[in-house]
file coords35.csv (CSV, C-alpha atoms)
chain,number,residue,atom,x,y,z
S,1,MET,CA,-22.7,10.2,-7.5
S,2,LEU,CA,-20.9,6.9,-6.7
S,3,LYS,CA,-17.6,7.1,-5.0
S,4,ARG,CA,-14.6,6.1,-7.2
S,5,ILE,CA,-11.5,4.3,-6.1
S,6,VAL,CA,-8.5,3.1,-8.1
S,7,ILE,CA,-6.6,0.2,-6.6
S,8,VAL,CA,-3.2,-0.6,-8.1
S,9,GLY,CA,-2.0,-4.1,-7.2
S,10,ALA,CA,-5.5,-5.6,-7.1
S,11,SER,CA,-5.0,-9.0,-8.8
S,12,SER,CA,-4.5,-10.9,-5.6
S,13,GLY,CA,-4.0,-10.8,-1.8
S,14,LEU,CA,-5.1,-7.7,0.1
S,15,GLY,CA,-5.5,-5.6,-3.1
S,16,LYS,CA,-8.1,-8.0,-4.5
S,17,GLU,CA,-10.0,-8.4,-1.3
S,18,ILE,CA,-10.1,-4.7,-0.7
S,19,ALA,CA,-11.5,-4.2,-4.2
S,20,LEU,CA,-14.2,-6.7,-3.6
S,21,ILE,CA,-15.2,-5.1,-0.3
S,22,PHE,CA,-15.5,-1.6,-1.9
S,23,LEU,CA,-17.6,-3.2,-4.7
S,24,GLU,CA,-19.9,-4.8,-2.2
S,25,LYS,CA,-20.3,-1.3,-0.6
S,26,GLY,CA,-21.4,0.1,-4.0
S,27,TRP,CA,-18.3,2.0,-5.1
S,28,LYS,CA,-17.1,2.3,-8.7
S,29,VAL,CA,-13.7,0.6,-8.7
S,30,GLY,CA,-10.7,0.8,-11.1
S,31,ILE,CA,-8.4,-2.1,-10.7
S,32,ALA,CA,-4.9,-2.5,-12.0
S,33,SER,CA,-1.9,-4.9,-11.9
S,34,ARG,CA,0.4,-6.7,-14.3
S,35,ASN,CA,-1.9,-9.8,-14.2
S,36,ILE,CA,-4.7,-8.7,-16.4
S,37,GLU,CA,-6.4,-12.1,-16.5
S,38,ALA,CA,-6.9,-12.0,-12.7
S,39,LEU,CA,-8.4,-8.5,-13.0
S,40,LYS,CA,-10.9,-9.7,-15.6
S,41,GLU,CA,-12.2,-12.3,-13.1
S,42,ILE,CA,-13.2,-9.4,-10.8
S,43,GLU,CA,-14.6,-7.4,-13.6
S,44,ILE,CA,-16.9,-10.3,-14.6
S,45,LEU,CA,-18.5,-10.2,-11.1
S,46,TYR,CA,-19.3,-6.4,-11.3
S,47,PRO,CA,-19.3,-5.5,-15.0
S,48,GLN,CA,-21.2,-2.2,-14.4
S,49,ARG,CA,-18.9,-0.8,-11.7
S,50,VAL,CA,-15.4,-2.2,-12.5
S,51,VAL,CA,-12.8,-0.9,-15.0
S,52,SER,CA,-9.6,-2.9,-15.3
S,53,HIS,CA,-6.2,-2.0,-16.8
S,54,GLN,CA,-2.9,-3.7,-17.0
S,55,ILE,CA,-0.3,-1.5,-15.2
S,56,ASP,CA,3.3,-2.3,-14.3
S,57,ILE,CA,4.4,0.4,-11.9
S,58,ASN,CA,8.0,-0.1,-12.9
S,59,ASP,CA,7.2,0.8,-16.5
S,60,GLU,CA,7.7,4.5,-17.4
S,61,ASN,CA,4.4,4.4,-19.2
S,62,ALA,CA,2.6,3.4,-16.1
S,63,ILE,CA,1.3,6.9,-15.4
S,64,ILE,CA,-0.2,7.0,-18.9
S,65,ASP,CA,-2.0,3.8,-18.2
S,66,LEU,CA,-3.2,5.1,-14.9
S,67,GLU,CA,-4.5,8.3,-16.5
S,68,ASN,CA,-6.4,6.2,-19.0
S,69,LEU,CA,-7.9,4.1,-16.2
S,70,ILE,CA,-9.1,7.1,-14.3
S,71,GLU,CA,-10.6,8.6,-17.5
S,72,GLU,CA,-12.5,5.4,-18.2
S,73,LEU,CA,-13.7,5.2,-14.6
S,74,GLY,CA,-15.1,8.7,-14.9
S,75,GLY,CA,-12.8,10.3,-12.3
S,76,ILE,CA,-11.3,9.4,-9.0
S,77,ASP,CA,-11.9,10.1,-5.3
S,78,VAL,CA,-9.4,7.7,-3.7
S,79,TYR,CA,-6.1,6.3,-5.0
S,80,PHE,CA,-5.1,3.1,-3.2
S,81,HIS,CA,-1.5,1.8,-3.7
S,82,SER,CA,-1.3,-1.9,-2.9
S,83,SER,CA,1.5,-2.8,-5.2
S,84,GLY,CA,4.8,-3.9,-3.7
S,85,ILE,CA,7.2,-6.7,-3.1
S,86,GLY,CA,9.4,-8.0,-0.3
S,87,SER,CA,11.2,-11.1,1.0
S,88,GLN,CA,13.7,-12.2,3.6
S,89,ASN,CA,17.2,-11.9,2.2
S,90,THR,CA,19.8,-12.8,4.8
S,91,LEU,CA,22.2,-13.8,2.1
S,92,ILE,CA,22.0,-10.2,0.7
S,93,ASP,CA,21.3,-11.2,-2.8
S,94,ILE,CA,21.9,-7.9,-4.6
S,95,ASN,CA,19.3,-8.7,-7.3
S,96,VAL,CA,16.6,-9.2,-4.6
S,97,GLU,CA,17.6,-5.9,-2.9
S,98,ILE,CA,17.6,-3.9,-6.1
S,99,SER,CA,14.3,-5.4,-7.4
S,100,THR,CA,12.7,-4.5,-4.0
S,101,CYS,CA,14.0,-0.9,-4.2
S,102,LYS,CA,12.9,-0.5,-7.8
S,103,THR,CA,9.3,-1.5,-7.0
S,104,ASN,CA,8.8,-0.1,-3.5
S,105,VAL,CA,10.7,3.1,-4.1
S,106,LEU,CA,10.8,4.1,-7.8
S,107,GLY,CA,7.5,2.5,-8.8
S,108,PHE,CA,5.8,3.7,-5.7
S,109,THR,CA,7.1,7.3,-6.2
S,110,ARG,CA,6.1,7.3,-9.8
S,111,MET,CA,2.4,6.5,-9.1
S,112,VAL,CA,2.0,8.5,-5.9
S,113,ASP,CA,3.5,11.6,-7.4
S,114,TYR,CA,1.2,11.4,-10.4
S,115,MET,CA,-1.8,11.2,-8.1
S,116,TYR,CA,-0.7,14.1,-6.0
S,117,ASN,CA,-0.3,16.3,-9.1
S,118,TYR,CA,-3.6,15.0,-10.5
S,119,PHE,CA,-5.5,16.0,-7.5
S,120,LYS,CA,-3.7,19.3,-7.3
S,121,THR,CA,-4.1,20.2,-11.0
S,122,ASN,CA,-7.8,19.3,-11.0
S,123,ASN,CA,-8.5,20.9,-7.6
S,124,ILE,CA,-9.9,17.6,-6.3
S,125,SER,CA,-10.3,16.8,-2.6
S,126,GLY,CA,-8.7,13.4,-3.1
S,127,GLN,CA,-7.3,10.8,-0.8
S,128,ILE,CA,-4.0,8.9,-1.3
S,129,CYS,CA,-3.8,5.6,0.5
S,130,VAL,CA,-0.7,3.4,0.7
S,131,ILE,CA,-0.1,-0.1,2.1
S,132,SER,CA,3.4,0.2,3.7
S,133,SER,CA,4.2,-2.1,6.7
S,134,ILE,CA,5.1,-2.2,10.4
S,135,ALA,CA,8.5,-3.2,9.0
S,136,GLY,CA,9.2,0.5,8.4
S,137,THR,CA,9.2,1.0,12.2
S,138,LYS,CA,12.6,-0.6,12.8
S,139,GLY,CA,15.2,-2.1,10.5
S,140,LEU,CA,14.7,-5.8,10.3
S,141,GLY,CA,18.0,-7.6,9.6
S,142,VAL,CA,16.3,-10.5,7.8
S,143,SER,CA,14.7,-8.1,5.3
S,144,PRO,CA,17.0,-5.0,4.7
S,145,ALA,CA,15.6,-3.6,1.5
S,146,TYR,CA,12.0,-4.3,2.4
S,147,SER,CA,12.3,-2.6,5.8
S,148,ALA,CA,14.1,0.4,4.3
S,149,THR,CA,11.7,0.9,1.4
S,150,LYS,CA,8.7,0.8,3.8
S,151,ARG,CA,10.4,3.4,5.9
S,152,PHE,CA,10.8,5.4,2.8
S,153,GLN,CA,7.1,5.2,2.0
S,154,ASN,CA,6.2,6.2,5.6
S,155,THR,CA,8.4,9.3,5.3
S,156,TYR,CA,7.4,10.2,1.7
S,157,ILE,CA,3.7,10.3,2.6
S,158,GLU,CA,4.5,12.4,5.6
S,159,CYS,CA,6.4,14.9,3.3
S,160,LEU,CA,3.5,15.0,0.8
S,161,GLU,CA,1.1,15.7,3.6
S,162,GLN,CA,3.1,18.7,4.8
S,163,LEU,CA,3.6,19.9,1.2
S,164,SER,CA,-0.2,19.6,0.7
S,165,HIS,CA,-0.8,21.9,3.6
S,166,MET,CA,1.9,24.4,2.4
S,167,GLN,CA,0.2,24.5,-1.0
S,168,LYS,CA,-3.3,24.8,0.6
S,169,LEU,CA,-4.6,21.7,-1.0
S,170,ASN,CA,-7.3,19.4,0.3
S,171,ILE,CA,-5.6,16.1,-0.2
S,172,SER,CA,-5.8,13.5,2.6
S,173,PHE,CA,-3.3,10.7,3.2
S,174,THR,CA,-3.7,7.2,4.8
S,175,ASP,CA,-0.6,5.2,5.6
S,176,ILE,CA,-1.7,1.6,6.2
S,177,ARG,CA,0.9,-0.5,8.1
S,178,PRO,CA,-0.2,-4.1,8.4
S,179,GLY,CA,1.5,-6.8,10.4
S,180,PHE,CA,1.9,-10.3,8.9
S,181,VAL,CA,-1.0,-11.1,6.5
S,182,LYS,CA,-1.5,-14.6,5.0
S,183,THR,CA,-0.8,-13.6,1.3
S,184,ALA,CA,1.4,-14.9,-1.4
S,185,LEU,CA,4.0,-12.4,-0.2
S,186,LEU,CA,4.5,-14.5,2.9
S,187,ASN,CA,4.2,-17.9,1.2
S,188,ASP,CA,7.9,-18.7,1.7
S,189,GLY,CA,7.7,-21.5,4.3
S,190,ASN,CA,8.6,-19.3,7.3
S,191,ASN,CA,6.6,-19.3,10.5
S,192,TYR,CA,5.2,-15.8,10.9
S,193,PRO,CA,3.8,-14.9,14.3
S,194,MET,CA,0.3,-13.4,14.7
S,195,LEU,CA,-0.5,-14.1,11.1
S,196,MET,CA,-3.8,-12.5,10.0
S,197,GLY,CA,-6.3,-13.7,7.4
S,198,VAL,CA,-6.7,-11.7,4.2
S,199,LYS,CA,-10.4,-11.0,4.7
S,200,TYR,CA,-9.9,-9.9,8.3
S,201,ALA,CA,-7.1,-7.5,7.5
S,202,ALA,CA,-8.9,-6.1,4.4
S,203,LYS,CA,-11.9,-5.2,6.4
S,204,LYS,CA,-9.7,-3.3,8.9
S,205,ILE,CA,-8.0,-1.5,6.0
S,206,VAL,CA,-11.2,-0.5,4.3
S,207,SER,CA,-12.5,0.9,7.6
S,208,ALA,CA,-9.4,3.0,7.9
S,209,VAL,CA,-9.7,4.3,4.4
S,210,GLU,CA,-13.4,5.3,4.9
S,211,ARG,CA,-12.5,7.1,8.1
S,212,LYS,CA,-9.6,8.8,6.4
S,213,LYS,CA,-7.3,7.7,9.3
S,214,ARG,CA,-3.8,9.1,8.8
S,215,ILE,CA,-1.9,6.1,10.1
S,216,ALA,CA,-3.5,2.7,10.5
S,217,ILE,CA,-1.6,-0.2,12.1
S,218,VAL,CA,-3.4,-3.4,11.4
S,219,ASP,CA,-4.4,-4.8,13.8
S,220,TRP,CA,-4.5,-3.9,17.5
S,221,LYS,CA,-1.9,-6.6,18.5
S,222,TYR,CA,0.6,-5.1,16.1
S,223,ALA,CA,-0.2,-1.6,17.3
S,224,ILE,CA,1.0,-2.7,20.8
S,225,LEU,CA,4.0,-4.5,19.3
S,226,VAL,CA,5.1,-1.3,17.4
S,227,LYS,CA,4.8,0.8,20.5
S,228,PHE,CA,7.1,-1.7,22.2
S,229,TRP,CA,9.5,-1.7,19.3
S,230,LYS,CA,9.8,2.1,19.5
S,231,LEU,CA,10.9,1.9,23.2
S,232,ILE,CA,13.8,-0.4,22.5
S,233,PRO,CA,17.1,1.5,22.3
S,234,ARG,CA,19.3,0.9,19.3
S,235,TRP,CA,22.1,-0.8,21.2
S,236,LEU,CA,19.6,-3.4,22.3
S,237,TRP,CA,17.7,-3.7,19.1
S,238,VAL,CA,20.8,-4.7,17.0
S,239,ARG,CA,21.4,-7.6,19.5
S,240,LEU,CA,17.9,-9.0,19.2
S,241,PRO,CA,17.4,-12.1,17.0
S,242,VAL,CA,14.3,-10.7,15.2
S,243,LYS,CA,13.4,-13.4,12.7
S,244,THR,CA,10.4,-15.6,11.7
S,245,LYS,CA,12.0,-19.0,11.5

call {"tool": "encode", "arguments": {"input": "coords35.csv", "output": "structure tokens"}}
result
Amino acid sequence: MLKRIVIVGASSGLGKEIALIFLEKGWKVGIASRNIEALKEIEILYPQRVVSHQIDINDENAIIDLENLIEELGGIDVYFHSSGIGSQNTLIDINVEISTCKTNVLGFTRMVDYMYNYFKTNNISGQICVISSIAGTKGLGVSPAYSATKRFQNTYIECLEQLSHMQKLNISFTDIRPGFVKTALLNDGNNYPMLMGVKYAAKKIVSAVERKKRIAIVDWKYAILVKFWKLIPRWLWVRLPVKTK
């Protein structure tokens, strides 16, 4: 039986490239995003193994759409959450902060909770994968809401993992924490250090998913950076001009 993965946030960037890699590996792939036209372009390439649905994770009906996608796909082994937003917001535009929290916290929780309960109710040994960020390691002053929401995702997955053990479920979790990747999310004119190509990062991520790695920092350079960050005391961190310009 072919392995089945649902990728939410698959219309562009990492989500799209990850979907294409899994398709090349022979998986059945369910793809979802708000941009249905972009999804159809992928479906045309692999009409026998792709199912696409329009899903807005901020819509209360998103879980109904997800349920329909899984049913049409014929089941699910891996749920991959690639949907999220973020930007620098040094002016603290409240609309930017609230929008980021809405998508990266409320929308994220809506989808991940549904999948947890789906695997639990159907007694499936499933895997929940989430693209968070190294930004969840430390609070970045240039991106308050983005950093905070990514820390939320890190912690939330950790909580679900513990709960899964308490409830004697066989659900595995993969928290993928990329550094800077050359996607539309970073197309804001800023100079991002150690910028990775989408294809390169996607291959690293797919490998982590297949190995069911619990926490995957992409790539090794960022893994070293994160270790360094963790050693910096708070009094010094707040004085560092951490920025990309």

call {"tool": "atom_distance", "arguments": {"input": "coords35.csv", "atom1": "atom CA of S:Cys159", "atom2": "atom CA of S:Ile171"}}
result
12.6 Å

call {"tool": "residues_around", "arguments": {"input": "coords35.csv", "residues": "S:Glu210", "least_positions_apart": "3", "cutoff": "12 Å", "atoms": "only C-alpha atoms", "output": "number ranges by chain"}}
result
S: 3, 5, 18, 21-22, 25, 27, 77-78, 80, 127-129, 172-174, 203-207, 213-214, 216

call {"tool": "closest_residue", "arguments": {"input": "coords35.csv", "among": "S:Leu240, S:Val112, S:Ile76, S:Val218", "to": "S:Met196", "atoms": "only C-alpha atoms"}}
result
S:Val218

call {"tool": "atom_distance", "arguments": {"input": "coords35.csv", "atom1": "atom CA of S:Ser83", "atom2": "atom CA of S:Ser164"}}
result
23.2 Å

call {"tool": "residues_around", "arguments": {"input": "coords35.csv", "residues": "S:Leu106", "least_positions_apart": "6", "cutoff": "10 Å", "atoms": "all atoms listed in the file", "output": "list in words"}}
result
Ile57, Asn58, Asp59, Thr100 and Thr149 of chain S

call {"tool": "residues_around", "arguments": {"input": "coords35.csv", "residues": "S:Gly86", "least_positions_apart": "5", "cutoff": "8 Å", "atoms": "only C-alpha atoms", "output": "compact mmCIF listing (two decimals) with C-alpha atoms, keeping the file's coordinate frame"}}
result
# COMPACT_ATOMS: atom_id res chain seq x y z
CA THR S 100 12.70 -4.50 -4.00
CA SER S 143 14.70 -8.10 5.30
CA ALA S 145 15.60 -3.60 1.50
CA TYR S 146 12.00 -4.30 2.40
CA LEU S 185 4.00 -12.40 -0.20

call {"tool": "closest_residue", "arguments": {"input": "coords35.csv", "among": "S:Asn122, S:Asn95, S:Gln88, S:Asn104", "to": "S:Pro144", "atoms": "all atoms listed in the file"}}
result
S:Gln88

call {"tool": "closest_residue", "arguments": {"input": "coords35.csv", "among": "S:Lys28, S:Arg177, S:His165, S:Arg234", "to": "S:Gly136", "atoms": "only C-alpha atoms"}}
result
S:Arg177

call {"tool": "closest_residue", "arguments": {"input": "coords35.csv", "among": "S:Trp235, S:Tyr200, S:Phe108, S:Trp220", "to": "S:Ile157", "atoms": "all atoms listed in the file"}}
result
S:Phe108

call {"tool": "atom_distance", "arguments": {"input": "coords35.csv", "atom1": "atom CA of S:Gly13", "atom2": "atom CA of S:Gly107"}}
result
18.9 Å

call {"tool": "residues_around", "arguments": {"input": "coords35.csv", "residues": "S:Lys120", "least_positions_apart": "4", "cutoff": "10 Å", "atoms": "only C-alpha atoms", "output": "ChimeraX atom specification"}}
result
/S:114-116,124-126,164,167-171

call {"tool": "write_last_selection", "arguments": {"input": "coords35.csv", "atoms": "C-alpha atoms", "output": "tab-separated table (two decimals), in the coordinates of the input"}}
result
chain	number	residue	atom	x	y	z
S	114	TYR	CA	1.20	11.40	-10.40
S	115	MET	CA	-1.80	11.20	-8.10
S	116	TYR	CA	-0.70	14.10	-6.00
S	124	ILE	CA	-9.90	17.60	-6.30
S	125	SER	CA	-10.30	16.80	-2.60
S	126	GLY	CA	-8.70	13.40	-3.10
S	164	SER	CA	-0.20	19.60	0.70
S	167	GLN	CA	0.20	24.50	-1.00
S	168	LYS	CA	-3.30	24.80	0.60
S	169	LEU	CA	-4.60	21.70	-1.00
S	170	ASN	CA	-7.30	19.40	0.30
S	171	ILE	CA	-5.60	16.10	-0.20

call {"tool": "residues_around", "arguments": {"input": "coords35.csv", "residues": "S:Ala201", "least_positions_apart": "6", "cutoff": "8 Å", "atoms": "only C-alpha atoms", "output": "PDB file with C-alpha atoms, keeping the file's coordinate frame"}}
result
ATOM      1  CA  LEU S  14      -5.100  -7.700   0.100  1.00  0.00           C
ATOM      2  CA  PRO S 178      -0.200  -4.100   8.400  1.00  0.00           C
ATOM      3  CA  VAL S 181      -1.000 -11.100   6.500  1.00  0.00           C
ATOM      4  CA  VAL S 218      -3.400  -3.400  11.400  1.00  0.00           C
ATOM      5  CA  ASP S 219      -4.400  -4.800  13.800  1.00  0.00           C
TER       6      ASP S 219
END

call {"tool": "closest_residue", "arguments": {"input": "coords35.csv", "among": "S:Ile70, S:Ser82, S:Ala202, S:Asn123", "to": "S:Thr103", "atoms": "all atoms listed in the file"}}
result
S:Ser82

call {"tool": "closest_residue", "arguments": {"input": "coords35.csv", "among": "S:Ile7, S:Met111, S:Val238, S:Ala135", "to": "S:Phe152", "atoms": "all atoms listed in the file"}}
result
S:Ala135

call {"tool": "build_atoms", "arguments": {"input": "coords35.csv", "residues": "stretch 35-53 of chain S", "atoms": "N, CA, C and O atoms", "output": "PDB file, keeping the file's coordinate frame"}}
result
ATOM      1  N   ASN S  35      -1.111  -8.576 -13.866  1.00  0.00           N
ATOM      2  CA  ASN S  35      -1.900  -9.800 -14.200  1.00  0.00           C
ATOM      3  C   ASN S  35      -3.282  -9.401 -14.668  1.00  0.00           C
ATOM      4  O   ASN S  35      -4.215  -9.354 -13.862  1.00  0.00           O
ATOM      5  N   ILE S  36      -3.463  -9.115 -15.930  1.00  0.00           N
ATOM      6  CA  ILE S  36      -4.700  -8.700 -16.400  1.00  0.00           C
ATOM      7  C   ILE S  36      -5.812  -9.746 -16.374  1.00  0.00           C
ATOM      8  O   ILE S  36      -7.000  -9.456 -16.184  1.00  0.00           O
ATOM      9  N   GLU S  37      -5.427 -11.004 -16.496  1.00  0.00           N
ATOM     10  CA  GLU S  37      -6.400 -12.100 -16.500  1.00  0.00           C
ATOM     11  C   GLU S  37      -7.079 -12.179 -15.099  1.00  0.00           C
ATOM     12  O   GLU S  37      -8.288 -12.404 -15.009  1.00  0.00           O
ATOM     13  N   ALA S  38      -6.316 -11.998 -14.040  1.00  0.00           N
ATOM     14  CA  ALA S  38      -6.900 -12.000 -12.700  1.00  0.00           C
ATOM     15  C   ALA S  38      -7.833 -10.855 -12.480  1.00  0.00           C
ATOM     16  O   ALA S  38      -8.851 -10.980 -11.788  1.00  0.00           O
ATOM     17  N   LEU S  39      -7.525  -9.721 -13.088  1.00  0.00           N
ATOM     18  CA  LEU S  39      -8.400  -8.500 -13.000  1.00  0.00           C
ATOM     19  C   LEU S  39      -9.724  -8.798 -13.682  1.00  0.00           C
ATOM     20  O   LEU S  39     -10.788  -8.357 -13.211  1.00  0.00           O
ATOM     21  N   LYS S  40      -9.684  -9.462 -14.811  1.00  0.00           N
ATOM     22  CA  LYS S  40     -10.900  -9.700 -15.600  1.00  0.00           C
ATOM     23  C   LYS S  40     -11.869 -10.588 -14.785  1.00  0.00           C
ATOM     24  O   LYS S  40     -13.088 -10.478 -14.947  1.00  0.00           O
ATOM     25  N   GLU S  41     -11.325 -11.459 -13.923  1.00  0.00           N
ATOM     26  CA  GLU S  41     -12.200 -12.300 -13.100  1.00  0.00           C
ATOM     27  C   GLU S  41     -13.025 -11.432 -12.142  1.00  0.00           C
ATOM     28  O   GLU S  41     -14.186 -11.750 -11.868  1.00  0.00           O
ATOM     29  N   ILE S  42     -12.454 -10.350 -11.653  1.00  0.00           N
ATOM     30  CA  ILE S  42     -13.200  -9.400 -10.800  1.00  0.00           C
ATOM     31  C   ILE S  42     -14.201  -8.628 -11.608  1.00  0.00           C
ATOM     32  O   ILE S  42     -15.347  -8.417 -11.191  1.00  0.00           O
ATOM     33  N   GLU S  43     -13.775  -8.208 -12.778  1.00  0.00           N
ATOM     34  CA  GLU S  43     -14.600  -7.400 -13.600  1.00  0.00           C
ATOM     35  C   GLU S  43     -15.897  -8.155 -14.039  1.00  0.00           C
ATOM     36  O   GLU S  43     -16.978  -7.565 -14.152  1.00  0.00           O
ATOM     37  N   ILE S  44     -15.788  -9.459 -14.225  1.00  0.00           N
ATOM     38  CA  ILE S  44     -16.900 -10.300 -14.600  1.00  0.00           C
ATOM     39  C   ILE S  44     -18.012 -10.252 -13.490  1.00  0.00           C
ATOM     40  O   ILE S  44     -19.211 -10.275 -13.765  1.00  0.00           O
ATOM     41  N   LEU S  45     -17.573 -10.162 -12.239  1.00  0.00           N
ATOM     42  CA  LEU S  45     -18.500 -10.200 -11.100  1.00  0.00           C
ATOM     43  C   LEU S  45     -19.306  -8.869 -11.009  1.00  0.00           C
ATOM     44  O   LEU S  45     -20.464  -8.877 -10.584  1.00  0.00           O
ATOM     45  N   TYR S  46     -18.681  -7.744 -11.382  1.00  0.00           N
ATOM     46  CA  TYR S  46     -19.300  -6.400 -11.300  1.00  0.00           C
ATOM     47  C   TYR S  46     -19.088  -5.645 -12.575  1.00  0.00           C
ATOM     48  O   TYR S  46     -18.415  -4.609 -12.562  1.00  0.00           O
ATOM     49  N   PRO S  47     -19.625  -6.102 -13.694  1.00  0.00           N
ATOM     50  CA  PRO S  47     -19.300  -5.500 -15.000  1.00  0.00           C
ATOM     51  C   PRO S  47     -19.716  -4.006 -15.111  1.00  0.00           C
ATOM     52  O   PRO S  47     -19.122  -3.280 -15.908  1.00  0.00           O
ATOM     53  N   GLN S  48     -20.690  -3.577 -14.324  1.00  0.00           N
ATOM     54  CA  GLN S  48     -21.200  -2.200 -14.400  1.00  0.00           C
ATOM     55  C   GLN S  48     -20.341  -1.207 -13.607  1.00  0.00           C
ATOM     56  O   GLN S  48     -20.409  -0.003 -13.834  1.00  0.00           O
ATOM     57  N   ARG S  49     -19.575  -1.744 -12.651  1.00  0.00           N
ATOM     58  CA  ARG S  49     -18.900  -0.800 -11.700  1.00  0.00           C
ATOM     59  C   ARG S  49     -17.369  -1.092 -11.652  1.00  0.00           C
ATOM     60  O   ARG S  49     -16.699  -0.569 -10.771  1.00  0.00           O
ATOM     61  N   VAL S  50     -16.833  -1.911 -12.550  1.00  0.00           N
ATOM     62  CA  VAL S  50     -15.400  -2.200 -12.500  1.00  0.00           C
ATOM     63  C   VAL S  50     -14.756  -1.856 -13.862  1.00  0.00           C
ATOM     64  O   VAL S  50     -15.297  -2.164 -14.925  1.00  0.00           O
ATOM     65  N   VAL S  51     -13.604  -1.192 -13.781  1.00  0.00           N
ATOM     66  CA  VAL S  51     -12.800  -0.900 -15.000  1.00  0.00           C
ATOM     67  C   VAL S  51     -11.398  -1.503 -14.641  1.00  0.00           C
ATOM     68  O   VAL S  51     -10.830  -1.202 -13.591  1.00  0.00           O
ATOM     69  N   SER S  52     -10.879  -2.333 -15.521  1.00  0.00           N
ATOM     70  CA  SER S  52      -9.600  -2.900 -15.300  1.00  0.00           C
ATOM     71  C   SER S  52      -8.564  -2.564 -16.348  1.00  0.00           C
ATOM     72  O   SER S  52      -8.917  -2.491 -17.528  1.00  0.00           O
ATOM     73  N   HIS S  53      -7.326  -2.305 -15.930  1.00  0.00           N
ATOM     74  CA  HIS S  53      -6.200  -2.000 -16.800  1.00  0.00           C
ATOM     75  C   HIS S  53      -4.981  -2.712 -16.392  1.00  0.00           C
ATOM     76  O   HIS S  53      -4.743  -2.862 -15.193  1.00  0.00           O
TER      77      HIS S  53
END
